[in-house]
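Note sheet for the following structure.
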Amino acid sequence: MKYQSFLIKYSEIGTKGKNRYIFEDALTHQIHEHLKKVDGSFAIQKEQGRIYVNCNSDYDYDEAVDALGHVFGVTGICPMAQFPVCAYDELRRQVLEFVKSEHPEKEFSFKVHCRRADKSYPKTSDEINADVGADILDAYPGARVDVHDPDFIVYIEIRKQVNVFTRVLPGAGGMPIGTNGKAMLCLSGGIDSPVAGYMIAKRGVVLEAVYFHAPPYTSERAKQKVVDLAKEVAKYAGAIKLHVINFTEIQLAIYEKCPHDELTIIMRRYMMRIAERLANQNDCIGLITGESIGQVASQTLFSLRVTDEVCELPVYRPVIGFDKQEIIDLSEKIGTFETSILPFEDCCTIFVAKHPVTKPHLNVIQKSETHLRDCIDAMMEKAIAEDEVIWCS
């Protein structure tokens, strides 16, 4: 059937006390933004403890559910029938008609669950549960009541209007985008960093991103791969401002002037310096990376300590305790995996040490960086000044 309304469920927002309206307003805004991608006219209505999406024109059901399923803060999407509070016999008739349209099969188990927020309604929740259950049993000889593990539950809410639904489709969970500040994601073409961005955005953080490009050693296809990954994450996080930094000159200087076993860690330190500069310029209050402890040489605890030394902003690493398969599983869930494994490397192998140091000492790395004193500041300024901005949505 073509539903004319959806009930939107949320969870954590309900614990926010006096600030709850701020989160609800952010959630309704995000729902509105995501539904812009769906043909049709939608009106979003907020009621105490409830958010409704009313469909005012023809629309594509699958597209609408997909759009709502990408909104952080939504835990459940309930396609429903909504009608004015009415006489009891009419209420029972409309509920039964909805069940018939939803479940044409002849044999099933069910349960009726009524919530009577409008206590002035003349029947109690228990009476409604019993009477509607009897109506369904009369209409379906093969049906049976199962209060513990039913095939579906008939939900009835009596509020300012009557809401009836039997399906609760999963939402993305988390908190609405825009309720927890903004952070800069260090985005590569790999599997880990898009997942890290997704996980931080899920907690309500607005994302910007920076990608370090090294032409001609890395191709335009490698850059496009990162743009495509940002677009996949943006399906959940909203539009992402992607900064593309030409890192070639800096990488060559490090390669020429620093010990080769320290190349990776020194490059990472300069990437983090630039990412922090961009973050400060764009009102970001943290950095995000996709590092997992021990996955590669630059991700040992020793290496991460040395990398973080150049940053004043906090660095968030949401996948730091994940093993690789856990990260892959999540990347498949959010739709970034197939793009991440495309064979367009974002870091040319010429700049990767054959035997990278796994336990770098900060004083040794700092001493090696003194070889760059005569050129690195100007190179960094140039790279930041020539920042290419791409909006990904």
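Going through the structure tokens in order, the chains are called A, B, and so on, while each chain numbers its residues from 1 and the ligands are numbered from 1 in the order shown.
Scanning range 214-254 of chain A with DSSP on the backbone, the alpha helix (DSSP H) assignments fall on Glu220, Arg221, Ala222, Lys223, Gln224, Lys225, Val226, Val227, Asp228, Leu229, Ala230, Lys231, Glu232, Val233, Ala234, Lys235, Tyr236, Ala237, Thr248, Glu249, Ile250, Gln251, Leu252, Ala253 and Ile254 of chain A.
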Produce a table with one row for each residue of range 255-373 of chain A that has an atom at most 12 Å from any atom of range 208-230 of chain A, each row naming the nearest atom pair and its distance in Å at one decimal; use only C-alpha atoms; arrange rows by chain and rising residue number; format as a Markdown table.
```
| residue | atom | partner | partner_atom | distance |
| --- | --- | --- | --- | --- |
| A:Met267 | CA | A:Phe212 | CA | 10.5 |
| A:Arg268 | CA | A:Phe212 | CA | 10.4 |
| A:Tyr270 | CA | A:Phe212 | CA | 10.6 |
| A:Met271 | CA | A:Phe212 | CA | 7.5 |
| A:Met272 | CA | A:Val210 | CA | 10.1 |
| A:Arg273 | CA | A:Val210 | CA | 11.8 |
| A:Ile274 | CA | A:Val210 | CA | 9.1 |
| A:Ala275 | CA | A:Val210 | CA | 6.7 |
| A:Glu276 | CA | A:Val210 | CA | 10.1 |
| A:Arg277 | CA | A:Val210 | CA | 10.9 |
| A:Leu278 | CA | A:Val210 | CA | 8.3 |
| A:Ala279 | CA | A:Glu208 | CA | 8.3 |
| A:Asn280 | CA | A:Glu208 | CA | 11.6 |
| A:Gln281 | CA | A:Glu208 | CA | 11.5 |
| A:Asn282 | CA | A:Glu208 | CA | 8.5 |
| A:Asp283 | CA | A:Glu208 | CA | 10.0 |
| A:Cys284 | CA | A:Glu208 | CA | 8.0 |
| A:Ile285 | CA | A:Glu208 | CA | 11.0 |
| A:Gly286 | CA | A:Glu208 | CA | 10.5 |
| A:Leu287 | CA | A:Ala209 | CA | 9.3 |
| A:Ile288 | CA | A:Ala209 | CA | 8.9 |
| A:Thr289 | CA | A:Ala209 | CA | 10.1 |
| A:Ser331 | CA | A:Leu229 | CA | 10.5 |
| A:Ile334 | CA | A:Leu229 | CA | 10.5 |
| A:Gly335 | CA | A:Leu229 | CA | 8.9 |
| A:Thr336 | CA | A:Leu229 | CA | 6.1 |
| A:Phe337 | CA | A:Leu229 | CA | 9.0 |
| A:Glu338 | CA | A:Leu229 | CA | 9.7 |
| A:Thr339 | CA | A:Leu229 | CA | 6.7 |
| A:Ser340 | CA | A:Leu229 | CA | 7.3 |
| A:Ile341 | CA | A:Lys225 | CA | 9.7 |
| A:Leu342 | CA | A:Lys225 | CA | 7.8 |
| A:Pro343 | CA | A:Ala222 | CA | 8.4 |
| A:Phe344 | CA | A:Ala222 | CA | 4.8 |
| A:Glu345 | CA | A:Ala222 | CA | 6.0 |
| A:Asp346 | CA | A:Ala222 | CA | 5.7 |
| A:Cys347 | CA | A:Thr218 | CA | 6.5 |
| A:Cys348 | CA | A:Tyr217 | CA | 5.7 |
| A:Thr349 | CA | A:Tyr217 | CA | 8.8 |
| A:Ile350 | CA | A:Tyr217 | CA | 8.3 |
| A:Phe351 | CA | A:Tyr217 | CA | 9.4 |
```
Counting only C-alpha atoms, the option among A:Ala172, A:Val306, A:Leu7, A:Ile254 closest to Ala237 in chain A: A:Ala172
- request: Excluding Val154 in chain A and any residue of its chain fewer than 6 positions from it, enumerate the residues within 8 Å of it, using only C-alpha atoms, and give them as a ChimeraX atom specification.
  value: /A:99,110-113,164-166
- request: Would you please work out which residue, of A:Ala134, A:Leu252, A:Ala81, A:Val38, is nearest to Leu372 in chain A when using only C-alpha atoms?
  value: A:Leu252
- prompt: So how far away is CA of Gly40 in chain A from CA of Ser57 in chain A, in Å?
  reply: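 So the two atoms, CA of Ser57 in chain A and CA of Gly40 in chain A, lie 5.6 Å apart.
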Excluding His371 in chain A and its own-chain neighbours fewer than 4 positions away, which residues fall within 10 Å of it when counting only C-alpha atoms? Please give them as a short mmCIF file (atom, residue, chain, number, x, y, z; two decimals) with N, CA, C and O atoms, in the first residue's frame.
```cif
data_model
loop_
_atom_site.label_atom_id
_atom_site.label_comp_id
_atom_site.auth_asym_id
_atom_site.auth_seq_id
_atom_site.Cartn_x
_atom_site.Cartn_y
_atom_site.Cartn_z
N ALA A 253 60.54 16.54 -0.31
CA ALA A 253 61.53 17.12 0.61
C ALA A 253 61.84 16.16 1.75
O ALA A 253 63.00 15.96 2.13
N ILE A 254 60.82 15.54 2.30
CA ILE A 254 61.02 14.57 3.38
C ILE A 254 61.83 13.39 2.87
O ILE A 254 62.75 12.90 3.54
N GLU A 256 63.96 13.32 0.48
CA GLU A 256 65.35 13.68 0.17
C GLU A 256 66.17 14.00 1.41
O GLU A 256 67.38 13.76 1.44
N LYS A 257 65.56 14.50 2.46
CA LYS A 257 66.30 15.08 3.57
C LYS A 257 66.24 14.28 4.88
O LYS A 257 67.00 14.55 5.79
N CYS A 258 65.33 13.31 4.96
CA CYS A 258 65.13 12.60 6.22
C CYS A 258 65.47 11.11 6.08
O CYS A 258 65.39 10.56 4.97
N GLN A 366 62.22 14.58 15.93
CA GLN A 366 62.34 16.04 15.92
C GLN A 366 63.70 16.47 15.35
O GLN A 366 63.79 17.46 14.61
N LYS A 367 64.74 15.73 15.69
CA LYS A 367 66.06 16.05 15.14
C LYS A 367 66.09 15.87 13.64
O LYS A 367 66.66 16.69 12.89
N CYS A 375 63.04 24.93 4.35
CA CYS A 375 62.06 24.91 3.26
C CYS A 375 60.63 24.57 3.67
O CYS A 375 59.68 24.94 2.98
N ILE A 376 60.46 23.87 4.78
CA ILE A 376 59.16 23.25 5.05
C ILE A 376 58.06 24.24 5.34
O ILE A 376 56.90 24.05 4.94
#
```
query: If you count only C-alpha atoms, which residues fall within 10 Å of Tyr88 in chain A, apart from same-chain ones fewer than 5 positions away, as a PyMOL selection string?
result: chain A and resi 93-94+121-123+128
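Rounded to one decimal, CA of Ser101 in chain A and CA of Val162 in chain A lie 17.1 Å from each other.
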field: Pick from A:Glu332, A:Val357, A:Ile156, A:Lys100, whichever lies nearest to Ser125 in chain A using only C-alpha atoms
entry: A:Ile156
